[in-house]
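Novice: I am attaching a structure below and will ask some questions about it afterwards.
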Amino acid sequence: MLTTLQTAYSDTRAADLAWALGREPLPALAVLDLQFDEAKLQLRLLGASHQVLLEEDRGTCSETVACIPGSSTPLPLGVAKRFGDWEYEFAARVETLTEAAFAGRAQELLALVADHPHGLAGTFPGSPHAFTALLAQRTEGQVRWRTWHAYPQEGKLVVTRTRVGVRVPAPAL
């Protein structure tokens with residue numbers, strides 16, 4: 001699903017993004033509700049930021065990547081956590097692109113997400129290449145999502161990937 005977000009472009013620098021796990025739902029500009037077997041997944045666009053809410057019988061997971069006032073947790077390159085019966089893995093990278101390469105990559109990503117049944121993308125007024133996009137899937141008992149946060153004024157694209165799955169106990173020796 002592709003939508004035009006009716007808001008000012010608020011997160012203006014890739015370096016301002018922060019990561020948080022376990023936050024309460026924040027006000028969203030666009031939402032996509034998905035059902036993967038017993039897993040309920042909600043993709044949420046928060047301006048140039050995102051929040052993903054996962055709910056299963058074994059618990060909930062909330063991931064937020066946004067400009068979070070007062071946050072002391074910058075966007076990490078990687079996180080691996082165990083909580084309850086789940087394993088959570090997060091990775092992020094920043095791509096720096098030329099103006100022409102950025103435009104091509106933006107068009108490619110928006111086309112991929114816009115027509116995907118598990119995708120949500122929002123573009124911002126004023127720039128066709130300013131967007132936030134999310135794409136989710138469930139495979140092999142795991143829920144996965146990827147996100148893209150575009151900062152055309154900097155030529156930066158923040159790319160994240162997340163995997164949440166049931167914790168597999170270590171084999172007995």
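If you're wondering about the labels, chains in the structure tokens are A, B, ... by order shown, residues count from 1 in each chain, ligands from 1 in order shown.
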Determine, counting only C-alpha atoms, which protein, DNA and RNA residues have an atom within 12 Å of an atom of range 39-44 of chain A; residues of the same chain fewer than 5 positions away are not included. Present the result as an MDAnalysis selection string.

Specialist: chainID A and resid 1 5 25:34 49:66 118:122 132:139 141:147 164:166

Novice: Can you pull out every residue within 9 Å of Ala91 in chain A, counting only C-alpha atoms, but drop anything in the same chain fewer than 4 positions away, and send it as a ChimeraX atom specification?

Specialist: /A:76-80,159-162

Novice: So, counting only C-alpha atoms, which residue among A:Pro128, A:Gly47, A:Pro117, A:Pro69 is closest to Gln6 in chain A?

Specialist: A:Gly47

Novice: What is the CA of Phe102 in chain A to CA of Leu2 in chain A distance in Å?

Specialist: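 Interatomic distance here is 18.7 Å.
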
Novice: Quote the spacing between CA of Tyr151 in chain A and CA of His129 in chain A in Å to one decimal place.

Specialist: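 So the answer is 7.9 Å.
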
Novice: Quick check, in Å to one decimal: how far apart do CA of Pro125 in chain A and CA of Thr3 in chain A lie?

Specialist: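 Between CA of Pro125 in chain A and CA of Thr3 in chain A the gap is 10.8 Å.
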
Novice: Measuring atom to atom with only C-alpha atoms, identify which of A:Ala103, A:Ala92, A:Ala114, A:Ala130 is nearest to Pro74 in chain A.

Specialist: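 With only C-alpha atoms as the atom set, the closest residue is A:Ala92.
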
Novice: Out of A:Leu157, A:Ala150, A:Ala101, A:Ala14, which residue has the shortest atom-to-atom distance to Cys67 in chain A when counting only C-alpha atoms?

Specialist: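 Ranking A:Leu157, A:Ala150, A:Ala101, A:Ala14 by distance to Cys67 in chain A, first place goes to A:Ala14.
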
Novice: Identify all residues of chain A in strand (DSSP E) (DSSP on the backbone) and supply them as a VMD selection string.

Specialist: chain A and resid 2 to 4 18 to 21 30 to 36 39 to 46 49 to 56 59 to 66 78 to 83 86 to 96 119 to 124 127 to 139 142 to 151 156 to 166
